[in-house]
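Enquirer: Pasting in a structure now, in C-alpha cells, and then I'll have a few things to ask.
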2 protein chains.
Amino acid sequence: MVRIDDVAKRAGVSISTVSYALSGKRPVSERTREKIQLAARELGYLPNAGARMLAGRRTHIFALTEPFRADTHAPSHMAFVLAASIAARRHGYDILLLTDEDASQGMRRVEASGLVDGIIVLDVAPDDERVALARSIRTPSVFVGVPRDADGLMCVDLDFEAAAATAVDRLAEAGHRKIAMLGYPAAHYETTNYAPRVRRGFRDRARELGLDAVFRPLSETQFATEDAYRLTLEFLDDGVTGVVLNSEERSYKAVLDAVSARGMDVPRDVSLVSVGAIFDTSGYHRAIDSIPLIPERSCDLALQELVDAVERGHFDPGLRLVDPEYRSYGSVGVLD
Amino acid sequence: MVRIDDVAKRAGVSISTVSYALSGKRPVSERTREKIQLAARELGYLPNAGARMLAGRRTHIFALTEPFRADTHAPSHMAFVLAASIAARRHGYDILLLTDEDASQGMRRVEASGLVDGIIVLDVAPDDERVALARSIRTPSVFVGVPRDADGLMCVDLDFEAAAATAVDRLAEAGHRKIAMLGYPAAHYETTNYAPRVRRGFRDRARELGLDAVFRPLSETQFATEDAYRLTLEFLDDGVTGVVLNSEERSYKAVLDAVSARGMDVPRDVSLVSVGAIFDTSGYHRAIDSIPLIPERSCDLALQELVDAVERGHFDPGLRLVDPEYRSYGSVGVLD
DNA sequence: TTGAAAGCGATACCAC
DNA sequence: GTGGTATCGCTTTCAA
C-alpha cells in the first residue's frame with residue numbers, strides 16, 4: 001500500500017506539503033506541486049479512505065436511499081440512480097446504497113457511524129417517513145421529488161405543474177378549446193409526489209384559460225394499453241382536439257392507434273403533448289411533442305446543492321424546481 | 001457525536017473492553033457486556049466508520065460494479081442490485097456503487113484508496129475487461145456470472161446449462177421427440193455470458209437423448225412479440241411438440257397466442273418450459289413451467305463467498321453454480 | 001512557501 | 001476478565 005510518506009519521500013518534501021499540494025487547500029509553489037503530482041502518479045497514490053475520513057471529518061460518500069416498492073418503475077429508477085451517481089462522482093463523491101427495508105433505520109445508521117457526508121433521497125412519497133428523519137439529523141440531505149410537507153427540506157425536481165401548464169398553453173395557443181389529459185392509474189395520485197402536480201398544473205391552467213378540460217386516469221397499470229385506447233376513443237368522440245399525456249409508456253402507442261382507428265390524424269385532427277416522460281417520444285410513427293423529465297437535470301442540481309451544503313456549509317432549505325423544456329416534434333397543430 | 005469513550009465512561013469500563021464487548025472478538029463477562037450494550041444503546045453509539053477503517057483495516061463496504069449498457073434490462077438489473085445489497089447488509093456490509101464509465105478505473109480507485117473490502121461484479125460480459133483487473137488486484141472479488149475465461153476468479157451463477165438440460169429432460173420424459181428452443185436475439189449470444197450456456201445445454205442434452213431439436217433466436221429485442229409469434233407458428237407447423245423458452249418476457253405471451261391461433265392447446269398439443277426467467281411465468285392464461293433465475297440465490301451465495309474471503313481470508317477461486325429448480329405449473333403434457 | 005506535530009476515534013497487542 | 005496504549009494514515013494548526 002502506498003502512503004503519503006512514500007510520496008513525500010519520493011518528492012523530497014514533507015507529508016503536509018503533499019497533502020496540501022494534492023488537495024489544493026494551501027498554495028504550493030508550481031515546482032513542488034509538479035514534483036509531488038509526478039511522484040503520486042508514479043506510485044499510484046490515493047489517500048487512504050479511512051484515514052481521510054478520520055482526519056478530515058469528511059467521507060466523500062453520499063448515501064442514496066431508494067425504497068424499492070412494488071410499483072417502482074425499474075427503468076426510471078435506474079436512470080435516476082445512474083444520474084445521481086455520475087453527478088456525485090463529478091464532485092468527487094461515491095454513492096452508498098441504502099436499501100434497508102426500514103429506510104429511516106438505514107439513514108440513522110449512516111448518520112450515527114458518520115459513514116456519509118450527505119443523503120440523497122429518491123422516490124419520494126407524499127407522506128414520506130424520511131421527511132421527519134431528514135429534519136432531525138445533522139447529516140444534510142436533498143430530496144429528488146417534493147413531499148407534501150417540504151418544510152425545512154432541500155428539494156429538487158422538475159416543475160411538473162409548470163410543465164403541465166405549458167402543455168395546456170401550447171394547445172390553447174394553437175386554438176384548442178376542448179382538451180383532455182390521460183393520467184396514471186388513480187393510485188399514483190396518492191403514492192407519488194409528481195402525478196398530483198401534473199394534474200393540478202393541467203386543471204389550473206385550463207381553468208385560467210377558460211378551456212373545457214377533462215382528466216382521465218388509467219384504471220390499472222396492467223391495462224395501460226387497453227385503457228388508453230378506449231379513453232382516447234372517448235376523447236375523440238366527445239370532440240376533444242388536444243390531449244395531454246402523462247402516463248405509462250405503452251399507453252402512448254395505444255393513443256396513436258386509437259387516433260388511427262377513428263381515421264384521424266396527428267396533428268391534423270388531434271394534437272398531443274407529453275408531460276414528464278422519461279422515455280423518448282420522438283420514435284413513434286407520429287412523433288409526440290414532449291416536456292420530458294430529465295433525470296440528469298434534477299440529479300445534477302440536487303448534487304450541486306448537496307455538495308454546497310457539505311463543503312461550503314450553507315444548507316438553505318427550499319424548493320429548486322427545474323424549468324420545463326418543450327421539445328417540439330410536430331404533434332401540435334393549429335385548429336382552423 | 002457519541003464516541004467509544006462516552007460509552008466506556010457510562011458503563012464504567014475501559015474503551016478496550018467496550019470495543020471487545022461490541023465486536024465479540026474477546027470474551028467479556030456477561031455482566032459487563034450487558035452494561036456496555038445498554039450504555040451503547042442508550043447513547044445510540046455506533047463506531048465511527050473512518051476510525052474503524054483505519055484501525056481495523058476493514059471498511060465493511062463492498063463495491064458493486066455494474067456497467068449500464070444500452071441493452072441492460074432494468075428490472076433484472078435492479079433485482080440483482082437489490083438482492084446483492086440485502087445479502088451484504090445481512091453480513092454487516094454496505095454497498096458502494098461503481099458506475100464509472102471506465103469500470104476498471106473505478107475498481108482501481110477503490111483498490112488504491114482502500115475504500116472497500118471486496119468487489120461484486122455484476123452484468124458480466126464474455127470478455128469482460130474487469131476479469132483481467134480482478135486478477136491483478138489484492139481486493140477480493142466475486143463475479144455474478146461466468147466470463148469466457150474464469151480462471152483464477154470466484155464466480156457464482158445459476159447453472160444455466162443444467163437448467164436447459166433439465167428442461168430438455170422433462171420434455172423427453174414426457175415423450176417429446178421433436179423440440180425447439182426460442183432464444184434471445186443473436187447478439188445476446190455474443191454479449192451475455194448466460195445465453196450461450198442455455199443454448200449449449202439445450203443442444204447437448206438433445207443430442208445425447210437423440211432428439212430432433214432446433215434453436216431459433218428472435219431477430220431483435222424490438223420485435224420480440226412479432227418474432228415469437230411467427231417462430232412459434234413455424235414450430236407448430238413443423239410438428240414440434242415441446243418448446244424451451246429463454247427469451248424476452250413479452251415473447252411468452254406471443255407464444256401462447258400463436259398456439260391458440262393454431263387452435264392448439266398447452267399442454268395437450270404442445271408443451272412449454274421456460275429457462276432462466278427472472279419474471280413470473282405462472283400468471284399467464286396458461287401457466288408455464290419454469291426453471292427460474294433467482295437473483296437472491298446467486299447473490300446470497302456470492303456474498304457468502306466474498307465475506308468468507310474477506311473475513312476468513314480463504315479466497316479460493318472457482319465456479320459455484322446454483323442448482324436449477326424446476327417449478328411445475330402443468331405446461332408439460334405427456335405425448336400419447 | 002514549507003515543515004513538525006497534534007489530533008481524528010477506533011482496534012488490538014501487551015500486561016496484569 | 002479487564003485495562004493501558006501504540007498504532008492506523010491522513011488533515012490541519014502552529015511555527016518558521
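Labels for the C-alpha cells follow display order: chains A, B, ..., residues from 1 in each chain, ligands from 1.
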Contacts of region 5-9 of chain C at 6 Å or less, counting only C-alpha atoms (C1' of nucleotides), minus same-chain residues fewer than 6 places along, as a PyMOL selection string?

Expert: (chain A and resi 54-55) or (chain B and resi 51)

Enquirer: Could you turn the residues from that selection into a file that holds C-alpha atoms, as a PDB file, in the first residue's frame?

Expert:
ATOM      1  CA  LEU A  54     -10.960  10.262  10.309  1.00  0.00           C
ATOM      2  CA  ALA A  55      -8.604  13.172   9.951  1.00  0.00           C
TER       3      ALA A  55
ATOM      4  CA  ALA B  51     -11.780   5.248  12.665  1.00  0.00           C
TER       5      ALA B  51
END

Enquirer: Would you list the contacts of region 219-228 of chain B as a PDB file with C-alpha atoms, in the first residue's frame, taking every protein, DNA or RNA residue within 12 Å and counting only C-alpha atoms (C1' of nucleotides), but skipping same-chain residues closer than 3 positions in sequence?

Expert:
ATOM      1  CA  ALA B  70     -27.605   0.129 -23.725  1.00  0.00           C
ATOM      2  CA  ASP B  71     -29.163  -3.328 -23.704  1.00  0.00           C
ATOM      3  CA  THR B  72     -29.288  -3.617 -19.929  1.00  0.00           C
ATOM      4  CA  HIS B  73     -32.638  -4.966 -18.819  1.00  0.00           C
ATOM      5  CA  MET B 181     -35.859 -23.572 -28.330  1.00  0.00           C
ATOM      6  CA  LEU B 182     -36.880 -19.956 -28.656  1.00  0.00           C
ATOM      7  CA  GLY B 183     -33.868 -17.821 -27.812  1.00  0.00           C
ATOM      8  CA  TYR B 184     -32.835 -14.228 -27.404  1.00  0.00           C
ATOM      9  CA  PRO B 185     -31.722 -12.148 -30.393  1.00  0.00           C
ATOM     10  CA  ALA B 186     -28.465 -13.427 -31.851  1.00  0.00           C
ATOM     11  CA  ALA B 187     -26.478 -10.534 -30.388  1.00  0.00           C
ATOM     12  CA  HIS B 188     -27.158 -11.828 -26.884  1.00  0.00           C
ATOM     13  CA  ARG B 216     -34.274 -20.182 -33.134  1.00  0.00           C
ATOM     14  CA  LEU B 231     -41.483 -18.644 -34.904  1.00  0.00           C
ATOM     15  CA  THR B 232     -43.992 -20.465 -32.762  1.00  0.00           C
ATOM     16  CA  LEU B 233     -46.291 -20.929 -35.747  1.00  0.00           C
ATOM     17  CA  GLU B 234     -43.344 -22.364 -37.674  1.00  0.00           C
ATOM     18  CA  PHE B 235     -42.544 -24.720 -34.824  1.00  0.00           C
ATOM     19  CA  VAL B 243     -40.651 -25.754 -26.752  1.00  0.00           C
ATOM     20  CA  LEU B 245     -38.307 -20.684 -23.820  1.00  0.00           C
ATOM     21  CA  ASN B 246     -35.376 -18.462 -22.981  1.00  0.00           C
ATOM     22  CA  SER B 247     -36.236 -15.012 -24.218  1.00  0.00           C
ATOM     23  CA  GLU B 248     -37.905 -11.696 -23.563  1.00  0.00           C
ATOM     24  CA  GLU B 249     -40.844 -11.624 -21.231  1.00  0.00           C
ATOM     25  CA  ARG B 250     -43.143 -10.251 -23.921  1.00  0.00           C
ATOM     26  CA  SER B 251     -42.422 -13.167 -26.190  1.00  0.00           C
ATOM     27  CA  TYR B 252     -44.047 -15.591 -23.756  1.00  0.00           C
ATOM     28  CA  LYS B 253     -47.471 -14.181 -24.315  1.00  0.00           C
ATOM     29  CA  ALA B 254     -46.893 -14.183 -28.049  1.00  0.00           C
ATOM     30  CA  VAL B 255     -46.020 -17.874 -27.922  1.00  0.00           C
ATOM     31  CA  LEU B 256     -49.249 -18.672 -26.122  1.00  0.00           C
ATOM     32  CA  ASP B 257     -51.178 -16.540 -28.595  1.00  0.00           C
ATOM     33  CA  ALA B 258     -49.645 -18.371 -31.527  1.00  0.00           C
ATOM     34  CA  VAL B 259     -50.596 -21.713 -30.012  1.00  0.00           C
TER      35      VAL B 259
END

Enquirer: Quick one: pick out all strand (DSSP E or B) residues within region 78-175 of chain B from a backbone DSSP run and write them as a list in words.

Expert: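 DSSP-assigned strand (DSSP E or B) residues in region 78-175 of chain B: Asp94, Ile95, Leu96, Leu97, Leu98, Gly118, Ile119, Ile120, Val121, Ser141, Val142, Phe143, Val144, Met154, Cys155, Val156, Asp157 and Leu158 of chain B.
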
Enquirer: Please produce a file of those selected residues containing C-alpha atoms, as a compact mmCIF listing (two decimals), in the first residue's frame.

Expert:
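Output file result-v8.txt follows:
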# COMPACT_ATOMS: atom_id res chain seq x y z
CA ASP B 94 -22.71 -1.71 2.81
CA ILE B 95 -22.73 -1.41 -0.95
CA LEU B 96 -20.87 1.28 -2.83
CA LEU B 97 -21.96 1.88 -6.41
CA LEU B 98 -19.26 1.88 -9.05
CA GLY B 118 -14.30 -6.62 -1.73
CA ILE B 119 -15.87 -6.16 -5.13
CA ILE B 120 -19.05 -7.64 -6.55
CA VAL B 121 -19.06 -7.82 -10.32
CA SER B 141 -13.92 -10.03 -5.90
CA VAL B 142 -16.81 -12.23 -6.86
CA PHE B 143 -18.40 -12.42 -10.29
CA VAL B 144 -22.11 -12.98 -10.57
CA MET B 154 -14.54 -16.60 -7.99
CA CYS B 155 -17.77 -16.91 -10.00
CA VAL B 156 -21.30 -17.58 -8.85
CA ASP B 157 -24.28 -18.16 -11.10
CA LEU B 158 -27.27 -20.27 -11.92

Enquirer: Using only C-alpha atoms (C1' of nucleotides), which protein or nucleic acid residues come within 10 Å of region 3-11 of chain D? Drop anything in the same chain fewer than 3 positions from it, and give the result as a PyMOL selection string.

Expert: (chain A and resi 3-5+15-16+19-20+47-57) or (chain B and resi 13-17+51-57) or (chain C and resi 7-8+10-16)

Enquirer: Write a file of the selected residues as a compact mmCIF listing (two decimals), in the first residue's frame, keeping N, CA and C atoms (P, O5', C5', C4', C3', O3' and C1' of nucleotides).

Expert:
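The resulting out-v3.txt:
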# COMPACT_ATOMS: atom_id res chain seq x y z
N ARG A 3 1.60 5.00 0.82
CA ARG A 3 1.13 6.00 1.77
C ARG A 3 1.68 7.38 1.44
N ILE A 4 1.16 8.34 2.16
CA ILE A 4 1.53 9.72 1.86
C ILE A 4 3.03 9.95 2.07
N ASP A 5 3.63 9.22 3.02
CA ASP A 5 5.07 9.43 3.26
C ASP A 5 5.90 8.87 2.11
N ILE A 15 5.19 15.55 4.44
CA ILE A 15 3.88 14.99 4.14
C ILE A 15 2.80 16.07 4.12
N SER A 16 2.98 17.09 4.93
CA SER A 16 1.94 18.12 4.92
C SER A 16 1.92 18.83 3.57
N SER A 19 0.04 16.69 1.21
CA SER A 19 -1.39 16.80 1.45
C SER A 19 -1.95 18.07 0.83
N TYR A 20 -1.28 19.17 1.10
CA TYR A 20 -1.77 20.44 0.57
C TYR A 20 -1.67 20.51 -0.95
N PRO A 47 -5.10 8.81 -1.35
CA PRO A 47 -5.18 8.84 0.11
C PRO A 47 -6.03 7.69 0.63
N ASN A 48 -5.61 7.11 1.70
CA ASN A 48 -6.39 6.04 2.32
C ASN A 48 -7.74 6.58 2.80
N ALA A 49 -8.79 5.90 2.38
CA ALA A 49 -10.14 6.40 2.64
C ALA A 49 -10.42 6.55 4.13
N GLY A 50 -10.06 5.54 4.90
CA GLY A 50 -10.33 5.59 6.33
C GLY A 50 -9.60 6.73 7.01
N ALA A 51 -8.35 6.88 6.68
CA ALA A 51 -7.55 7.93 7.30
C ALA A 51 -8.09 9.30 6.92
N ARG A 52 -8.49 9.40 5.68
CA ARG A 52 -9.01 10.68 5.21
C ARG A 52 -10.30 11.03 5.94
N MET A 53 -11.14 10.03 6.12
CA MET A 53 -12.40 10.27 6.84
C MET A 53 -12.12 10.73 8.26
N LEU A 54 -11.21 10.00 8.90
CA LEU A 54 -10.96 10.26 10.31
C LEU A 54 -10.34 11.64 10.51
N ALA A 55 -9.31 11.91 9.76
CA ALA A 55 -8.60 13.17 9.95
C ALA A 55 -9.38 14.35 9.36
N GLY A 56 -10.01 14.11 8.25
CA GLY A 56 -10.67 15.21 7.56
C GLY A 56 -12.11 15.41 7.91
N ARG A 57 -12.64 14.50 8.74
CA ARG A 57 -14.06 14.52 9.09
C ARG A 57 -14.93 14.80 7.87
N VAL B 13 -16.21 1.22 32.33
CA VAL B 13 -15.15 0.28 31.93
C VAL B 13 -14.17 1.00 31.00
N SER B 14 -13.16 0.30 30.55
CA SER B 14 -12.19 0.91 29.65
C SER B 14 -12.69 0.82 28.21
N ILE B 15 -12.10 1.63 27.35
CA ILE B 15 -12.56 1.62 25.97
C ILE B 15 -12.23 0.30 25.28
N SER B 16 -11.16 -0.33 25.67
CA SER B 16 -10.85 -1.60 25.00
C SER B 16 -11.92 -2.64 25.33
N THR B 17 -12.38 -2.60 26.55
CA THR B 17 -13.44 -3.55 26.91
C THR B 17 -14.70 -3.27 26.09
N ALA B 51 -12.70 5.78 11.65
CA ALA B 51 -11.78 5.25 12.66
C ALA B 51 -11.72 3.73 12.59
N ARG B 52 -12.88 3.14 12.36
CA ARG B 52 -12.92 1.68 12.28
C ARG B 52 -12.12 1.18 11.08
N MET B 53 -12.25 1.89 9.98
CA MET B 53 -11.50 1.51 8.78
C MET B 53 -10.00 1.58 9.04
N LEU B 54 -9.63 2.71 9.64
CA LEU B 54 -8.21 2.96 9.82
C LEU B 54 -7.58 1.97 10.80
N ALA B 55 -8.20 1.82 11.93
CA ALA B 55 -7.63 0.95 12.96
C ALA B 55 -7.84 -0.52 12.63
N GLY B 56 -8.98 -0.82 12.07
CA GLY B 56 -9.29 -2.23 11.85
C GLY B 56 -8.93 -2.75 10.49
N ARG B 57 -8.39 -1.90 9.65
CA ARG B 57 -8.09 -2.22 8.27
C ARG B 57 -9.18 -3.10 7.64
P DG C 7 -3.31 17.44 20.86
O5' DG C 7 -3.31 15.96 20.27
C5' DG C 7 -4.51 15.23 20.13
C4' DG C 7 -5.35 15.80 19.02
C3' DG C 7 -6.51 14.90 18.68
O3' DG C 7 -7.68 15.65 18.49
C1' DG C 7 -5.04 15.07 16.81
P DC C 8 -9.06 15.09 18.98
O5' DC C 8 -9.64 14.30 17.73
C5' DC C 8 -10.09 14.97 16.56
C4' DC C 8 -10.32 13.93 15.50
C3' DC C 8 -10.91 12.63 16.05
O3' DC C 8 -12.33 12.69 15.91
C1' DC C 8 -9.15 12.23 14.43
P DA C 10 -15.37 5.94 18.18
O5' DA C 10 -15.41 4.46 17.57
C5' DA C 10 -14.55 3.48 18.07
C4' DA C 10 -13.63 3.00 16.97
C3' DA C 10 -13.00 1.67 17.27
O3' DA C 10 -13.66 0.68 16.48
C1' DA C 10 -11.34 3.31 16.71
P DT C 11 -13.57 -0.82 16.98
O5' DT C 11 -12.05 -1.22 16.69
C5' DT C 11 -11.61 -1.40 15.36
C4' DT C 11 -10.20 -1.93 15.37
C3' DT C 11 -10.04 -3.29 16.03
O3' DT C 11 -9.13 -4.03 15.23
C1' DT C 11 -8.63 -1.72 17.10
P DA C 12 -9.03 -5.62 15.31
O5' DA C 12 -7.70 -5.79 16.17
C5' DA C 12 -6.51 -5.17 15.71
C4' DA C 12 -5.47 -5.31 16.79
C3' DA C 12 -5.51 -6.65 17.53
O3' DA C 12 -4.18 -6.97 17.88
C1' DA C 12 -5.77 -4.96 19.08
P DC C 13 -3.70 -8.47 17.91
O5' DC C 13 -2.21 -8.32 18.44
C5' DC C 13 -1.41 -7.23 17.99
C4' DC C 13 -0.69 -6.58 19.16
C3' DC C 13 -0.09 -7.59 20.15
O3' DC C 13 1.26 -7.26 20.40
C1' DC C 13 -1.43 -6.00 21.30
P DC C 14 2.26 -8.37 21.13
O5' DC C 14 2.34 -7.78 22.61
C5' DC C 14 2.62 -6.40 22.79
C4' DC C 14 2.42 -6.03 24.24
C3' DC C 14 2.91 -7.09 25.24
O3' DC C 14 3.67 -6.44 26.23
C1' DC C 14 0.68 -6.50 25.71
P DA C 15 4.71 -7.30 27.16
O5' DA C 15 4.18 -6.93 28.62
C5' DA C 15 2.79 -6.88 28.77
C4' DA C 15 2.40 -5.95 29.87
C3' DA C 15 2.59 -6.57 31.25
O3' DA C 15 2.77 -5.56 32.23
C1' DA C 15 0.27 -6.50 30.66
P DC C 16 3.21 -6.08 33.74
O5' DC C 16 1.83 -6.37 34.46
C5' DC C 16 0.94 -5.29 34.73
C4' DC C 16 -0.38 -5.84 35.17
C3' DC C 16 -0.31 -6.81 36.35
O3' DC C 16 -1.11 -6.31 37.41
C1' DC C 16 -1.78 -7.61 34.67

Enquirer: Quick one: pull the distance between CA of Asp204 (chain A) and CA of Gly318 (chain A), Å, one decimal.

Expert: 23.2 Å

Enquirer: I'd like to know which residues of region 196-231 of chain A are alpha helix (DSSP H) (by DSSP, run on the backbone); could you write them as a PyMOL selection string?

Expert: chain A and resi 196-208+224-231

Enquirer: Would you kindly report the residues of chain C within 7 Å of chain A, using only C-alpha atoms (C1' of nucleotides), as a list in words?

Expert: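 That gives DT1, DT2, DG3 and DC8 of chain C for chain C.
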
Enquirer: Just write the chosen residues, C-alpha atoms (C1' of nucleotides), as an mmCIF file, in the first residue's frame.

Expert:
data_model
loop_
_atom_site.group_PDB
_atom_site.id
_atom_site.type_symbol
_atom_site.label_atom_id
_atom_site.label_comp_id
_atom_site.auth_asym_id
_atom_site.auth_seq_id
_atom_site.Cartn_x
_atom_site.Cartn_y
_atom_site.Cartn_z
ATOM 1 C "C1'" DT C 1 6.340 28.661 0.765
ATOM 2 C "C1'" DT C 2 7.227 24.785 3.745
ATOM 3 C "C1'" DG C 3 7.623 21.567 7.886
ATOM 4 C "C1'" DC C 8 -9.146 12.231 14.434
#

Enquirer: Between CA of Val322 (chain B) and CA of Gly201 (chain B), measure the distance and give it in Å to one decimal.

Expert: 14.8 Å

Enquirer: Which residues are near Ile86 (chain A)? Cut-off 10 Å, only C-alpha atoms (C1' of nucleotides), ignore same chain within fewer than 2 positions. Put them as a PDB file with N, CA and C atoms, in the first residue's frame.

Expert:
ATOM      1  N   PHE A  80     -32.370   7.416 -12.634  1.00  0.00           N
ATOM      2  CA  PHE A  80     -32.102   8.386 -11.568  1.00  0.00           C
ATOM      3  C   PHE A  80     -30.876   7.984 -10.750  1.00  0.00           C
ATOM      4  N   VAL A  81     -30.782   6.723 -10.444  1.00  0.00           N
ATOM      5  CA  VAL A  81     -29.632   6.252  -9.671  1.00  0.00           C
ATOM      6  C   VAL A  81     -28.349   6.527 -10.447  1.00  0.00           C
ATOM      7  N   LEU A  82     -28.390   6.203 -11.710  1.00  0.00           N
ATOM      8  CA  LEU A  82     -27.206   6.410 -12.547  1.00  0.00           C
ATOM      9  C   LEU A  82     -26.860   7.899 -12.635  1.00  0.00           C
ATOM     10  N   ALA A  83     -27.857   8.709 -12.869  1.00  0.00           N
ATOM     11  CA  ALA A  83     -27.615  10.153 -12.990  1.00  0.00           C
ATOM     12  C   ALA A  83     -27.061  10.714 -11.685  1.00  0.00           C
ATOM     13  N   ALA A  84     -27.594  10.252 -10.576  1.00  0.00           N
ATOM     14  CA  ALA A  84     -27.126  10.737  -9.273  1.00  0.00           C
ATOM     15  C   ALA A  84     -25.682  10.300  -9.043  1.00  0.00           C
ATOM     16  N   ALA A  88     -22.496  12.716  -8.665  1.00  0.00           N
ATOM     17  CA  ALA A  88     -21.713  12.647  -7.424  1.00  0.00           C
ATOM     18  C   ALA A  88     -20.227  12.468  -7.731  1.00  0.00           C
ATOM     19  N   ARG A  89     -19.931  11.576  -8.640  1.00  0.00           N
ATOM     20  CA  ARG A  89     -18.536  11.330  -8.994  1.00  0.00           C
ATOM     21  C   ARG A  89     -17.874  12.597  -9.546  1.00  0.00           C
ATOM     22  N   ARG A  90     -18.637  13.341 -10.275  1.00  0.00           N
ATOM     23  CA  ARG A  90     -18.080  14.586 -10.827  1.00  0.00           C
ATOM     24  C   ARG A  90     -17.586  15.506  -9.720  1.00  0.00           C
ATOM     25  N   HIS A  91     -18.220  15.392  -8.547  1.00  0.00           N
ATOM     26  CA  HIS A  91     -17.803  16.226  -7.421  1.00  0.00           C
ATOM     27  C   HIS A  91     -16.835  15.477  -6.506  1.00  0.00           C
ATOM     28  N   GLY A  92     -16.452  14.268  -6.923  1.00  0.00           N
ATOM     29  CA  GLY A  92     -15.517  13.504  -6.100  1.00  0.00           C
ATOM     30  C   GLY A  92     -16.164  12.680  -5.005  1.00  0.00           C
ATOM     31  N   TYR A  93     -17.457  12.434  -5.134  1.00  0.00           N
ATOM     32  CA  TYR A  93     -18.151  11.641  -4.119  1.00  0.00           C
ATOM     33  C   TYR A  93     -18.563  10.281  -4.664  1.00  0.00           C
ATOM     34  N   ASP A  94     -18.596   9.303  -3.775  1.00  0.00           N
ATOM     35  CA  ASP A  94     -19.110   7.988  -4.127  1.00  0.00           C
ATOM     36  C   ASP A  94     -20.508   7.826  -3.566  1.00  0.00           C
ATOM     37  N   ILE A  95     -21.220   6.855  -4.113  1.00  0.00           N
ATOM     38  CA  ILE A  95     -22.596   6.617  -3.680  1.00  0.00           C
ATOM     39  C   ILE A  95     -22.710   5.297  -2.939  1.00  0.00           C
ATOM     40  N   GLU A 296     -30.953  13.643 -15.358  1.00  0.00           N
ATOM     41  CA  GLU A 296     -29.678  14.359 -15.215  1.00  0.00           C
ATOM     42  C   GLU A 296     -29.900  15.771 -14.692  1.00  0.00           C
ATOM     43  N   CYS A 299     -30.829  15.534 -10.976  1.00  0.00           N
ATOM     44  CA  CYS A 299     -29.739  14.995 -10.163  1.00  0.00           C
ATOM     45  C   CYS A 299     -28.536  15.925 -10.136  1.00  0.00           C
ATOM     46  N   ASP A 300     -28.225  16.536 -11.258  1.00  0.00           N
ATOM     47  CA  ASP A 300     -27.098  17.472 -11.281  1.00  0.00           C
ATOM     48  C   ASP A 300     -27.344  18.603 -10.293  1.00  0.00           C
ATOM     49  N   LEU A 303     -27.236  17.332  -6.620  1.00  0.00           N
ATOM     50  CA  LEU A 303     -25.873  17.090  -6.130  1.00  0.00           C
ATOM     51  C   LEU A 303     -25.136  18.406  -5.910  1.00  0.00           C
TER      52      LEU A 303
ATOM     53  N   LEU B  98     -20.349   1.485  -8.151  1.00  0.00           N
ATOM     54  CA  LEU B  98     -19.265   1.877  -9.053  1.00  0.00           C
ATOM     55  C   LEU B  98     -19.844   2.025 -10.447  1.00  0.00           C
ATOM     56  N   THR B  99     -20.062   3.272 -10.860  1.00  0.00           N
ATOM     57  CA  THR B  99     -20.700   3.460 -12.163  1.00  0.00           C
ATOM     58  C   THR B  99     -19.794   4.199 -13.132  1.00  0.00           C
ATOM     59  N   ASP B 100     -18.516   4.276 -12.801  1.00  0.00           N
ATOM     60  CA  ASP B 100     -17.581   4.957 -13.699  1.00  0.00           C
ATOM     61  C   ASP B 100     -17.751   4.403 -15.109  1.00  0.00           C
ATOM     62  N   GLU B 101     -17.628   5.285 -16.071  1.00  0.00           N
ATOM     63  CA  GLU B 101     -17.736   4.825 -17.457  1.00  0.00           C
ATOM     64  C   GLU B 101     -16.705   3.746 -17.704  1.00  0.00           C
TER      65      GLU B 101
END
